[in-house]
Number of protein chains: 2
Amino acid sequence: MSESFTLAVDAMGGDHAPEMVLRGLEIAAERHPGARFLLVGDEARLIPMLKSLRRAAAACTIRHAPDVIDNALKPTAALRMRGASMRIAIDAVAAGEAAGVVSAGNTGALLALAKIIIKTLPGIDRPAMAAIGPSARGDMVMLDLGANVVCDARNLVEFAVMGDVFARTVLGLPAPSIGLLNVGAEELKGDDRVREAADVLRASPIAPQFVGFVEGHDITAGTTDVVVTDGFTGNVALKTGEGALKLVSDLLRQVFRSSLAARLAYLLARPALDRLREWLDPRRYNGAVMLGLNAVVVKSHGGTDAEGFAHAVDVAMDMVVHRFNDQIREGLARIVGLGPSQPRGGPRLATAL
Amino acid sequence: MSESFTLAVDAMGGDHAPEMVLRGLEIAAERHPGARFLLVGDEARLIPMLKSLRRAAAACTIRHAPDVIDNALKPTAALRMRGASMRIAIDAVAAGEAAGVVSAGNTGALLALAKIIIKTLPGIDRPAMAAIGPSARGDMVMLDLGANVVCDARNLVEFAVMGDVFARTVLGLPAPSIGLLNVGAEELKGDDRVREAADVLRASPIAPQFVGFVEGHDITAGTTDVVVTDGFTGNVALKTGEGALKLVSDLLRQVFRSSLAARLAYLLARPALDRLREWLDPRRYNGAVMLGLNAVVVKSHGGTDAEGFAHAVDVAMDMVVHRFNDQIREGLARIVGLGPSQPRGGPRLATAL
């Protein structure tokens with residue numbers, strides 16, 4: 001893959017595409033003056049839109065794609081759409097024309113296309129989806145967020161290695177602490193899978209960073225910089241946390257409308273409340289990253305706006321600039337002798353070392 | 001088991017026991033004038049404390065227990081402590097002296113003792129832990145919250161039946177809606193386990209109440225009255241949601257201390273903020289219920305106060321008064337022919353019907 005600072009961008013993915021994507025690139029082009037974007041989508045719509053976006057126009061090269069992968073389309077069907085904007089963007093990455101791809105389109109399709117066309121890194125069994133989120137002690141990384149609903153111990157160990165490199169690269173932490181999500185912090189808690197993964201991590205070179213098991217409340221407490229879990233649990237935890245934040249913010253809105261005094265209170269507290277809202281702003285955390293592939297693949301939330309999309313581009317640029325995949329390779333090499341993936345109920349991973 | 005309105009109470013379980021328990025019973029005795037409590041614990045400490053608690057003293061009979069099960073004790077060790085307050089309370093339930101038990105002690109020990117001494121209801125493979133929580137559309141029930149970290153499809157179906165009866169009994173809903181927690185709402189999402197459980201529920205008599213798959217954000221959105229999941233996912237989701245609520249409430253506290261204007265704003269908005277705090281008060285949701293046993297077993301949070309413990313007693317009383325277990329038996333009888341539990345990877349549940 002090319003190490004150039006060109007990103008392929010799926011112009012047609014997302015609820016408000018392509019307008020949202022192009023306005024996002026206008027913001028991103030200002031933040032990353034050296035970056036080039038290979039903008040893939042419906043030429044007839046993109047050309048006139050770019051006219052009013054000076055910076056984006058200067059940074060973009062348009063490549064026409066006649067089709068769009070709908071959000072409802074199954075990954076198997078998406079694989080057959082060779083003229084889709086997402087597909088052509090991924091093909092460009094595989095051909096070395098771009099170091100990575102950003103799309104706000106169909107998640108399942110993006111993961112399937114990336115796995116098949118860009119392929120996984122040597123030594124990685126399955127790619128994982130990671131994202132950055134807020135905690136009481138600063139930003140933290142959680143993975144897998146849904147790419148793998150069934151995981152074995154080996155997958156969890158790989159996720160820990162990739163999460164470590166991701167936290168170093170994107171959060172800039174020299175030695176991120178790593179926790180394995182479980183139902184309790186004691187060593188005997190949980191199922192075979194998490195106990196086996198913990199055994200392997202305790203015996204591995206990243207043991208000094210591995211703090212052991214963490215629980216659901218540790219995610220937002222920021223107990224560790226990286227929280228590792230299977231895609232089922234991670235997906236539920238992510239959406240449950242988002243749901244709880246939404247519940248409180250909706251209730252607060254009601255509180256500040258409930259009386260004249262409360263409305264006045266809102267005006268008085270507004271600067272501080274705005275800082276809080278900004279800090280928890282989902283756009284600031286937009287950009288789930290598919291780790292373990294031979295290039296940078298970033299999935300923007302489909303419902304985001306230009307600012308959120310620009311943030312997803314920031315994440316992709318960080319990974320490209322910091323040679324994320326070279327570091328993953330080194331990280332994996334440090335955990336030498338990690339055997340092939342074991343089916344559930346198979347021999348304990350620790351004995352395979 | 002007795003259908004009397006006597007509850008056995010573990011006086012010694014919980015961070016602030018026995019004071020917290022006794023003061024909780026003082027509140028509960030006022031709310032439930034007909035109730036009797038079999039108070040199990042260290043006589044020498046309980047008798048003087050009860051002197052200043054008039055209502056609790058009138059409602060309680062003390063039974064001495066020389067030992068206390070520590071929170072750090074493993075369930076296997078707890079099973080051998082025949083003189084522990086929790087054990088003697090559970091023995092009293094098994095002997096028919098009380099219709100149920102409330103304890104704020106060691107959760108694993110309570111579950112193990114209850115399973116072995118009180119035993120599961122006929123037709124129930126494994127008991128589940130359920131609790132009530134807040135949502136945008138009112139209170140909702142979630143289970144399992146950690147009693148079973150590995151579950152098969154049959155367990156999930158049983159949890160749905162028990163959750164239905166629990167929501168009818170404790171929330172007073174005539175036909176609660178039921179959702180199965182998954183990584184997406186589409187039928188093909190998730191692992192075999194949740195898809196098999198969904199197939200069985202769609203073909204069962206509770207099909208009209210079963211809305212299908214729900215996601216993490218649906219828990220606090222209140223999309224369904226009952227959310228069914230395995231104990232691993234449920235435990236993580238519960239603690240993640242609690243953690244997110246705690247993060248926002250800590251941040252709001254900072255907001256309202258950040259300037260003189262913000263402090264004034266707090267005073268102005270205080271009545272509405274207090275209502276919000278009251279509504280989200282964890283004490284109001286205290287009392288996780290172990291469903292599927294031959295008696296009512298309620299676990300209070302270990303760190304709760306008297307008000308929270310009284311709420312756990314409320315939950316137990318609701319279940320006793322509404323003959324919860326008779327209704328579970330009827331609910332199970334409606335799902336006729338549910339075969340024996342299948343190991344993971346075994347034949348599909350649907351074919352066993």
# chains A, B, ... in the order shown; residues from 1 in each chain; ligands from 1
>>> interface_residues(of="chain B", to="chain A", cutoff="7 Å", atoms="only C-alpha atoms", output="short mmCIF file (atom, residue, chain, number, x, y, z; two decimals) with C-alpha atoms, in the first residue's frame")
data_model
loop_
_atom_site.label_atom_id
_atom_site.label_comp_id
_atom_site.auth_asym_id
_atom_site.auth_seq_id
_atom_site.Cartn_x
_atom_site.Cartn_y
_atom_site.Cartn_z
CA ALA B 136 -37.40 7.98 28.70
CA GLY B 146 -24.98 -11.34 35.75
CA VAL B 149 -22.35 -15.29 32.13
CA VAL B 150 -22.81 -17.99 29.48
CA VAL B 183 -26.14 -5.52 17.89
CA GLY B 190 -26.21 -11.21 16.03
CA ASP B 191 -25.08 -14.70 16.93
CA GLU B 215 -30.06 -2.30 20.68
CA GLY B 216 -28.15 -0.73 23.56
CA HIS B 217 -29.71 2.71 23.12
CA ILE B 219 -32.66 0.37 27.00
CA THR B 220 -32.82 4.00 28.16
CA ALA B 221 -35.10 5.01 25.28
CA PHE B 232 -22.39 -11.07 30.60
CA THR B 233 -23.91 -8.47 28.27
CA ASN B 235 -24.02 -6.88 33.55
CA VAL B 236 -21.81 -4.79 31.26
CA ALA B 237 -24.79 -2.81 29.90
CA LYS B 239 -22.78 -0.86 34.69
CA THR B 240 -22.01 1.08 31.48
CA GLY B 241 -25.33 2.91 31.72
CA GLU B 242 -24.77 3.67 35.41
CA GLY B 243 -21.24 4.85 34.59
CA ALA B 244 -22.45 7.20 31.87
CA LEU B 245 -25.08 8.69 34.20
CA LEU B 247 -20.06 10.86 34.39
CA VAL B 255 -20.53 23.09 35.72
CA SER B 258 -17.53 26.86 37.66
CA ALA B 261 -23.28 32.91 37.62
CA ALA B 262 -23.35 29.12 37.43
CA ALA B 265 -28.11 29.25 38.09
CA TYR B 266 -27.99 26.14 40.27
CA LEU B 268 -32.63 28.96 40.39
CA ALA B 269 -32.92 25.58 38.68
CA ALA B 272 -36.27 21.00 38.74
CA LEU B 273 -32.75 19.57 39.12
#
>>> calpha_fit_and_write(fixed="chain B", moving="chain A", output="compact mmCIF listing (two decimals) with C-alpha atoms, in the first residue's frame")
# COMPACT_ATOMS: atom_id res chain seq x y z
CA MET A 1 -43.03 -22.57 50.41
CA SER A 2 -45.22 -20.46 52.69
CA GLU A 3 -47.36 -17.72 51.15
CA SER A 4 -47.27 -15.73 54.41
CA PHE A 5 -46.26 -12.09 54.34
CA THR A 6 -43.11 -12.75 56.32
CA LEU A 7 -39.75 -11.84 54.81
CA ALA A 8 -36.43 -13.14 56.11
CA VAL A 9 -33.90 -10.30 56.27
CA ASP A 10 -30.12 -10.72 56.38
CA ALA A 11 -29.32 -8.05 58.97
CA MET A 12 -25.54 -8.32 58.50
CA GLY A 13 -25.11 -7.93 54.71
CA GLY A 14 -24.09 -4.60 53.17
CA ASP A 15 -21.41 -1.95 53.72
CA HIS A 16 -23.36 -0.17 56.45
CA ALA A 17 -25.06 -3.19 58.05
CA PRO A 18 -26.67 -3.80 60.43
CA GLU A 19 -27.60 -0.12 61.14
CA MET A 20 -28.63 0.56 57.53
CA VAL A 21 -30.75 -2.61 57.40
CA LEU A 22 -32.61 -1.83 60.61
CA ARG A 23 -33.31 1.76 59.66
CA GLY A 24 -34.50 0.46 56.27
CA LEU A 25 -36.91 -1.87 58.03
CA GLU A 26 -38.20 1.05 60.11
CA ILE A 27 -39.20 2.73 56.81
CA ALA A 28 -40.52 -0.54 55.31
CA ALA A 29 -42.58 -1.40 58.40
CA GLU A 30 -44.45 1.88 58.01
CA ARG A 31 -45.12 1.24 54.31
CA HIS A 32 -46.22 -2.38 54.80
CA PRO A 33 -48.20 -2.47 58.06
CA GLY A 34 -49.06 -6.18 57.71
CA ALA A 35 -45.52 -7.37 57.06
CA ARG A 36 -43.40 -9.39 59.47
CA PHE A 37 -39.61 -9.58 59.27
CA LEU A 38 -37.45 -12.45 60.47
CA LEU A 39 -34.31 -10.50 61.24
CA VAL A 40 -31.21 -12.73 61.12
CA GLY A 41 -27.90 -11.58 62.59
CA ASP A 42 -25.82 -10.85 65.66
CA GLU A 43 -28.40 -10.67 68.49
CA ALA A 44 -26.07 -8.72 70.76
CA ARG A 45 -25.87 -5.91 68.21
CA LEU A 46 -29.43 -6.04 66.91
CA ILE A 47 -31.36 -5.93 70.21
CA PRO A 48 -30.00 -2.58 71.43
CA MET A 49 -30.31 -1.01 67.97
CA LEU A 50 -33.97 -2.00 67.64
CA LYS A 51 -34.80 -0.19 70.90
CA SER A 52 -34.83 3.20 69.16
CA LEU A 53 -36.71 1.91 66.09
CA ARG A 54 -40.29 1.51 67.27
CA ARG A 55 -41.94 0.24 64.06
CA ALA A 56 -39.10 -2.10 63.09
CA ALA A 57 -39.05 -3.51 66.64
CA ALA A 58 -42.77 -4.30 66.43
CA ALA A 59 -42.45 -5.98 63.00
CA CYS A 60 -39.26 -7.97 63.63
CA THR A 61 -38.47 -11.30 65.21
CA ILE A 62 -34.74 -11.72 65.80
CA ARG A 63 -32.94 -14.97 65.00
CA HIS A 64 -29.33 -15.16 66.09
CA ALA A 65 -26.58 -15.91 63.54
CA PRO A 66 -23.00 -16.03 64.80
CA ASP A 67 -21.28 -15.51 61.42
CA VAL A 68 -21.26 -13.08 58.48
CA ILE A 69 -20.37 -13.88 54.86
CA ASP A 70 -17.74 -11.40 53.77
CA ASN A 71 -18.02 -9.74 50.35
CA ALA A 72 -14.69 -11.21 49.25
CA LEU A 73 -15.67 -14.79 50.16
CA LYS A 74 -16.08 -17.17 47.23
CA PRO A 75 -19.50 -18.81 46.82
CA THR A 76 -18.00 -22.30 47.39
CA ALA A 77 -16.63 -21.18 50.76
CA ALA A 78 -19.87 -19.37 51.60
CA LEU A 79 -21.80 -22.61 51.11
CA ARG A 80 -19.93 -24.12 54.05
CA MET A 81 -20.75 -21.32 56.54
CA ARG A 82 -23.83 -22.77 58.18
CA GLY A 83 -23.93 -20.12 60.88
CA ALA A 84 -23.90 -17.15 58.51
CA SER A 85 -26.78 -14.66 58.72
CA MET A 86 -27.47 -15.01 54.98
CA ARG A 87 -27.53 -18.81 55.26
CA ILE A 88 -29.87 -18.89 58.23
CA ALA A 89 -32.21 -16.41 56.50
CA ILE A 90 -32.32 -18.64 53.39
CA ASP A 91 -32.82 -21.77 55.51
CA ALA A 92 -35.85 -20.08 57.07
CA VAL A 93 -37.32 -19.48 53.60
CA ALA A 94 -36.69 -23.10 52.59
CA ALA A 95 -38.41 -24.21 55.82
CA GLY A 96 -41.50 -22.18 54.88
CA GLU A 97 -41.08 -19.68 57.70
CA ALA A 98 -40.84 -16.77 55.24
CA ALA A 99 -42.00 -16.16 51.68
CA GLY A 100 -38.77 -14.54 50.65
CA VAL A 101 -35.42 -13.10 51.65
CA VAL A 102 -33.74 -9.71 51.27
CA SER A 103 -29.97 -9.33 51.62
CA ALA A 104 -27.44 -6.60 50.82
CA GLY A 105 -24.59 -9.10 51.19
CA ASN A 106 -22.29 -11.03 48.80
CA THR A 107 -24.17 -11.49 45.49
CA GLY A 108 -22.42 -14.68 44.36
CA ALA A 109 -23.01 -16.29 47.76
CA LEU A 110 -26.69 -15.29 47.78
CA LEU A 111 -27.24 -16.74 44.32
CA ALA A 112 -25.38 -19.98 45.11
CA LEU A 113 -27.14 -20.49 48.47
CA ALA A 114 -30.55 -19.68 47.00
CA LYS A 115 -30.05 -22.07 44.06
CA ILE A 116 -28.94 -24.93 46.30
CA ILE A 117 -31.25 -24.43 49.28
CA ILE A 118 -34.37 -22.77 47.86
CA LYS A 119 -33.92 -24.44 44.44
CA THR A 120 -35.17 -23.42 40.99
CA LEU A 121 -38.82 -23.56 39.93
CA PRO A 122 -39.86 -26.67 37.97
CA GLY A 123 -39.22 -25.94 34.28
CA ILE A 124 -36.58 -23.28 34.91
CA ASP A 125 -33.06 -24.24 33.90
CA ARG A 126 -31.30 -21.30 35.50
CA PRO A 127 -32.38 -18.39 37.70
CA ALA A 128 -31.72 -14.90 36.37
CA MET A 129 -31.08 -11.58 38.02
CA ALA A 130 -33.46 -8.78 37.03
CA ALA A 131 -33.77 -5.14 38.00
CA ILE A 132 -35.89 -2.13 37.21
CA GLY A 133 -34.25 0.92 35.66
CA PRO A 134 -35.21 4.36 34.33
CA SER A 135 -36.02 5.04 30.68
CA ALA A 136 -37.42 7.96 28.72
CA ARG A 137 -40.79 6.18 28.66
CA GLY A 138 -40.91 5.11 32.31
CA ASP A 139 -39.53 2.22 34.27
CA MET A 140 -38.26 -0.86 32.44
CA VAL A 141 -36.97 -4.31 33.41
CA MET A 142 -33.67 -5.82 32.29
CA LEU A 143 -32.40 -9.37 32.81
CA ASP A 144 -30.08 -11.28 33.18
CA LEU A 145 -27.74 -8.92 34.99
CA GLY A 146 -24.95 -11.36 35.74
CA ALA A 147 -26.28 -14.59 37.25
CA ASN A 148 -25.39 -16.50 34.04
CA VAL A 149 -22.33 -15.32 32.10
CA VAL A 150 -22.81 -18.02 29.44
CA CYS A 151 -26.36 -18.55 28.17
CA ASP A 152 -27.97 -20.59 25.41
CA ALA A 153 -31.11 -19.76 23.45
CA ARG A 154 -33.32 -21.66 25.88
CA ASN A 155 -32.04 -19.61 28.82
CA LEU A 156 -32.86 -16.40 26.93
CA VAL A 157 -36.40 -17.65 26.25
CA GLU A 158 -36.85 -18.46 29.95
CA PHE A 159 -35.57 -14.99 30.84
CA ALA A 160 -38.20 -13.49 28.50
CA VAL A 161 -40.98 -15.44 30.23
CA MET A 162 -39.74 -14.44 33.69
CA GLY A 163 -39.20 -10.81 32.63
CA ASP A 164 -42.77 -10.69 31.32
CA VAL A 165 -44.20 -11.87 34.64
CA PHE A 166 -41.88 -9.57 36.60
CA ALA A 167 -43.00 -6.51 34.59
CA ARG A 168 -46.66 -7.48 35.08
CA THR A 169 -46.20 -8.02 38.81
CA VAL A 170 -43.88 -5.22 39.87
CA LEU A 171 -44.54 -2.56 37.19
CA GLY A 172 -48.24 -3.45 36.92
CA LEU A 173 -48.22 -3.59 33.10
CA PRO A 174 -51.00 -5.75 31.57
CA ALA A 175 -48.98 -6.86 28.50
CA PRO A 176 -45.34 -5.72 28.69
CA SER A 177 -43.45 -5.41 25.41
CA ILE A 178 -40.32 -7.57 25.26
CA GLY A 179 -37.09 -7.00 23.32
CA LEU A 180 -34.04 -9.22 22.88
CA LEU A 181 -30.77 -7.26 23.12
CA ASN A 182 -28.64 -7.50 19.98
CA VAL A 183 -26.15 -5.52 17.87
CA GLY A 184 -28.84 -4.48 15.39
CA ALA A 185 -32.59 -4.64 14.94
CA GLU A 186 -32.56 -6.65 11.66
CA GLU A 187 -33.50 -10.35 11.88
CA LEU A 188 -30.13 -11.54 10.54
CA LYS A 189 -28.03 -9.63 13.07
CA GLY A 190 -26.25 -11.21 16.02
CA ASP A 191 -25.11 -14.71 16.90
CA ASP A 192 -26.93 -18.07 16.64
CA ARG A 193 -28.03 -17.84 20.25
CA VAL A 194 -30.08 -14.65 19.93
CA ARG A 195 -31.47 -15.63 16.52
CA GLU A 196 -32.64 -19.02 17.86
CA ALA A 197 -34.19 -17.41 20.93
CA ALA A 198 -36.00 -14.90 18.69
CA ASP A 199 -37.33 -17.74 16.50
CA VAL A 200 -38.75 -19.53 19.55
CA LEU A 201 -40.31 -16.35 20.96
CA ARG A 202 -41.90 -15.47 17.59
CA ALA A 203 -43.59 -18.90 17.56
CA SER A 204 -44.63 -18.76 21.23
CA PRO A 205 -47.81 -17.51 22.94
CA ILE A 206 -45.97 -14.36 24.06
CA ALA A 207 -45.24 -13.50 20.39
CA PRO A 208 -47.73 -10.56 20.44
CA GLN A 209 -45.59 -8.93 23.14
CA PHE A 210 -42.24 -9.76 21.50
CA VAL A 211 -41.02 -6.85 19.35
CA GLY A 212 -37.82 -8.59 18.21
CA PHE A 213 -34.27 -7.32 18.59
CA VAL A 214 -33.43 -4.10 20.39
CA GLU A 215 -30.07 -2.31 20.70
CA GLY A 216 -28.15 -0.73 23.56
CA HIS A 217 -29.71 2.69 23.14
CA ASP A 218 -33.20 1.17 23.32
CA ILE A 219 -32.64 0.35 27.02
CA THR A 220 -32.81 3.98 28.19
CA ALA A 221 -35.11 4.99 25.30
CA GLY A 222 -37.68 2.61 26.80
CA THR A 223 -38.40 1.02 23.41
CA THR A 224 -39.60 -2.10 25.26
CA ASP A 225 -40.74 -2.68 28.85
CA VAL A 226 -38.50 -5.74 29.17
CA VAL A 227 -34.98 -6.14 27.76
CA VAL A 228 -33.69 -9.72 27.68
CA THR A 229 -30.00 -10.60 27.40
CA ASP A 230 -27.32 -12.97 28.71
CA GLY A 231 -25.69 -12.23 32.07
CA PHE A 232 -22.38 -11.09 30.58
CA THR A 233 -23.89 -8.49 28.26
CA GLY A 234 -26.55 -7.46 30.79
CA ASN A 235 -23.99 -6.91 33.53
CA VAL A 236 -21.78 -4.82 31.25
CA ALA A 237 -24.75 -2.83 29.89
CA LEU A 238 -26.11 -2.10 33.38
CA LYS A 239 -22.74 -0.89 34.69
CA THR A 240 -21.98 1.05 31.48
CA GLY A 241 -25.30 2.88 31.72
CA GLU A 242 -24.73 3.64 35.41
CA GLY A 243 -21.21 4.81 34.59
CA ALA A 244 -22.42 7.17 31.87
CA LEU A 245 -25.05 8.66 34.22
CA LYS A 246 -22.38 9.13 36.89
CA LEU A 247 -20.04 10.83 34.40
CA VAL A 248 -22.68 13.40 33.44
CA SER A 249 -23.77 14.02 37.01
CA ASP A 250 -20.15 14.57 38.09
CA LEU A 251 -19.61 16.94 35.16
CA LEU A 252 -22.81 18.83 35.97
CA ARG A 253 -21.61 19.29 39.53
CA GLN A 254 -18.45 20.88 38.10
CA VAL A 255 -20.53 23.05 35.74
CA PHE A 256 -22.57 24.50 38.60
CA ARG A 257 -19.43 25.30 40.59
CA SER A 258 -17.52 26.81 37.68
CA SER A 259 -18.55 30.46 38.21
CA LEU A 260 -20.64 32.72 40.39
CA ALA A 261 -23.28 32.88 37.63
CA ALA A 262 -23.35 29.08 37.46
CA ARG A 263 -23.80 28.86 41.25
CA LEU A 264 -26.71 31.26 41.02
CA ALA A 265 -28.10 29.22 38.12
CA TYR A 266 -27.99 26.12 40.29
CA LEU A 267 -30.05 27.83 42.99
CA LEU A 268 -32.63 28.93 40.41
CA ALA A 269 -32.92 25.55 38.71
CA ARG A 270 -32.65 23.57 41.92
CA PRO A 271 -36.28 22.42 42.29
CA ALA A 272 -36.28 20.98 38.76
CA LEU A 273 -32.76 19.54 39.14
CA ASP A 274 -33.79 17.93 42.42
CA ARG A 275 -36.76 16.29 40.69
CA LEU A 276 -34.39 14.98 37.99
CA ARG A 277 -31.95 13.68 40.60
CA GLU A 278 -34.79 12.04 42.49
CA TRP A 279 -36.07 10.41 39.32
CA LEU A 280 -32.65 8.97 38.48
CA ASP A 281 -31.87 8.16 42.15
CA PRO A 282 -30.23 4.71 42.21
CA ARG A 283 -32.00 4.04 45.54
CA ARG A 284 -35.32 4.16 43.70
CA TYR A 285 -34.07 1.25 41.56
CA ASN A 286 -32.41 -0.70 44.35
CA GLY A 287 -33.30 -4.35 44.62
CA ALA A 288 -32.15 -6.85 42.00
CA VAL A 289 -34.41 -9.85 41.99
CA MET A 290 -33.33 -13.44 41.50
CA LEU A 291 -36.07 -14.87 39.34
CA GLY A 292 -36.83 -18.54 38.82
CA LEU A 293 -36.43 -19.74 42.41
CA ASN A 294 -39.03 -21.37 44.67
CA ALA A 295 -39.29 -18.17 46.72
CA VAL A 296 -38.68 -14.44 46.42
CA VAL A 297 -34.98 -13.55 46.64
CA VAL A 298 -34.01 -9.87 46.47
CA LYS A 299 -30.45 -8.56 46.46
CA SER A 300 -30.03 -5.00 47.69
CA HIS A 301 -26.99 -3.02 46.56
CA GLY A 302 -24.28 -3.40 49.20
CA GLY A 303 -23.56 0.33 49.37
CA THR A 304 -27.14 1.50 49.69
CA ASP A 305 -28.66 3.42 52.61
CA ALA A 306 -31.84 2.85 54.67
CA GLU A 307 -34.08 4.36 51.96
CA GLY A 308 -32.55 2.11 49.30
CA PHE A 309 -32.88 -0.97 51.49
CA ALA A 310 -36.54 -0.12 52.14
CA HIS A 311 -37.03 -0.02 48.38
CA ALA A 312 -35.55 -3.51 48.04
CA VAL A 313 -38.08 -4.64 50.67
CA ASP A 314 -40.85 -2.95 48.62
CA VAL A 315 -39.86 -5.02 45.59
CA ALA A 316 -39.88 -8.25 47.62
CA MET A 317 -43.29 -7.40 49.12
CA ASP A 318 -44.74 -6.63 45.67
CA MET A 319 -43.63 -10.03 44.45
CA VAL A 320 -44.99 -11.85 47.48
CA VAL A 321 -48.33 -10.03 47.47
CA HIS A 322 -48.84 -10.59 43.71
CA ARG A 323 -47.94 -14.30 43.98
CA PHE A 324 -45.12 -13.83 41.53
CA ASN A 325 -44.04 -17.47 41.39
CA ASP A 326 -47.55 -18.78 40.67
CA GLN A 327 -47.60 -16.46 37.67
CA ILE A 328 -44.16 -17.64 36.50
CA ARG A 329 -45.47 -21.21 36.58
CA GLU A 330 -48.45 -20.19 34.46
CA GLY A 331 -46.19 -18.27 32.08
CA LEU A 332 -43.96 -21.28 31.58
CA ALA A 333 -46.94 -23.55 31.05
CA ARG A 334 -48.04 -21.23 28.20
CA ILE A 335 -44.78 -21.94 26.36
CA VAL A 336 -45.51 -25.66 26.17
CA GLY A 337 -43.05 -28.18 24.88
CA LEU A 338 -39.95 -26.07 25.55
CA GLY A 339 -37.31 -28.83 25.39
CA PRO A 340 -34.32 -29.32 27.66
CA SER A 341 -31.49 -26.80 27.51
CA GLN A 342 -29.17 -27.16 24.51
CA PRO A 343 -25.42 -26.78 24.70
CA ARG A 344 -23.92 -24.07 22.51
CA GLY A 345 -23.50 -25.39 18.98
CA GLY A 346 -26.08 -28.11 19.63
CA PRO A 347 -29.22 -28.63 17.53
CA ARG A 348 -31.28 -25.51 16.92
CA LEU A 349 -33.82 -24.93 19.66
CA ALA A 350 -36.64 -24.43 17.17
CA THR A 351 -36.26 -27.99 15.94
CA ALA A 352 -36.62 -29.28 19.51
CA LEU A 353 -40.16 -27.93 19.77
>>> select_by_dssp(residues="stretch 86-151 of chain B", states="strand (DSSP E)", output="list in words")
Gly100, Val101, Val102, Ser103, Ala128, Met129, Ala130, Ala131, Ile132, Gly133, Met140, Val141, Met142 and Leu143 of chain B
>>> select_by_dssp(residues="stretch 167-224 of chain B", states="alpha helix (DSSP H)", output="JSON, numbers by chain")
{"B": [167, 168, 169, 170, 192, 193, 194, 195, 196, 197, 198, 199, 200, 201, 202, 216, 217, 218, 219, 220, 221]}
>>> write_last_selection(atoms="N, CA and C atoms", output="tab-separated table (two decimals), in the first residue's frame")
chain	number	residue	atom	x	y	z
B	167	ALA	N	-42.50	-7.82	34.98
B	167	ALA	CA	-43.00	-6.50	34.58
B	167	ALA	C	-44.50	-6.37	34.88
B	168	ARG	N	-45.24	-7.48	34.70
B	168	ARG	CA	-46.67	-7.46	35.06
B	168	ARG	C	-46.84	-7.23	36.56
B	169	THR	N	-46.04	-7.98	37.35
B	169	THR	CA	-46.20	-8.00	38.80
B	169	THR	C	-45.72	-6.71	39.46
B	170	VAL	N	-44.49	-6.30	39.12
B	170	VAL	CA	-43.88	-5.20	39.85
B	170	VAL	C	-44.15	-3.84	39.19
B	192	ASP	N	-25.90	-17.01	16.76
B	192	ASP	CA	-26.91	-18.07	16.67
B	192	ASP	C	-27.87	-18.04	17.85
B	193	ARG	N	-27.28	-17.85	19.03
B	193	ARG	CA	-28.02	-17.84	20.28
B	193	ARG	C	-29.22	-16.89	20.26
B	194	VAL	N	-28.97	-15.61	19.91
B	194	VAL	CA	-30.07	-14.65	19.95
B	194	VAL	C	-31.04	-14.89	18.80
B	195	ARG	N	-30.53	-15.36	17.64
B	195	ARG	CA	-31.45	-15.64	16.53
B	195	ARG	C	-32.36	-16.82	16.85
B	196	GLU	N	-31.80	-17.85	17.50
B	196	GLU	CA	-32.62	-19.01	17.88
B	196	GLU	C	-33.67	-18.61	18.92
B	197	ALA	N	-33.25	-17.84	19.90
B	197	ALA	CA	-34.19	-17.40	20.94
B	197	ALA	C	-35.31	-16.58	20.32
B	198	ALA	N	-34.96	-15.72	19.35
B	198	ALA	CA	-35.98	-14.90	18.68
B	198	ALA	C	-36.96	-15.78	17.91
B	199	ASP	N	-36.43	-16.81	17.24
B	199	ASP	CA	-37.31	-17.74	16.50
B	199	ASP	C	-38.33	-18.38	17.44
B	200	VAL	N	-37.84	-18.86	18.60
B	200	VAL	CA	-38.74	-19.51	19.56
B	200	VAL	C	-39.78	-18.53	20.07
B	201	LEU	N	-39.36	-17.31	20.41
B	201	LEU	CA	-40.30	-16.32	20.96
B	201	LEU	C	-41.34	-15.92	19.92
B	202	ARG	N	-40.92	-15.82	18.64
B	202	ARG	CA	-41.87	-15.45	17.58
B	202	ARG	C	-42.95	-16.52	17.39
B	216	GLY	N	-28.53	-1.35	22.29
B	216	GLY	CA	-28.15	-0.73	23.56
B	216	GLY	C	-28.90	0.56	23.86
B	217	HIS	N	-29.06	1.42	22.86
B	217	HIS	CA	-29.71	2.71	23.12
B	217	HIS	C	-31.20	2.57	23.39
B	218	ASP	N	-31.77	1.40	23.03
B	218	ASP	CA	-33.19	1.18	23.30
B	218	ASP	C	-33.48	0.98	24.79
B	219	ILE	N	-32.45	0.61	25.56
B	219	ILE	CA	-32.66	0.37	27.00
B	219	ILE	C	-33.17	1.65	27.66
B	220	THR	N	-32.40	2.74	27.53
B	220	THR	CA	-32.82	4.00	28.16
B	220	THR	C	-33.88	4.73	27.36
B	221	ALA	N	-34.03	4.40	26.07
B	221	ALA	CA	-35.10	5.01	25.28
B	221	ALA	C	-36.45	4.42	25.70
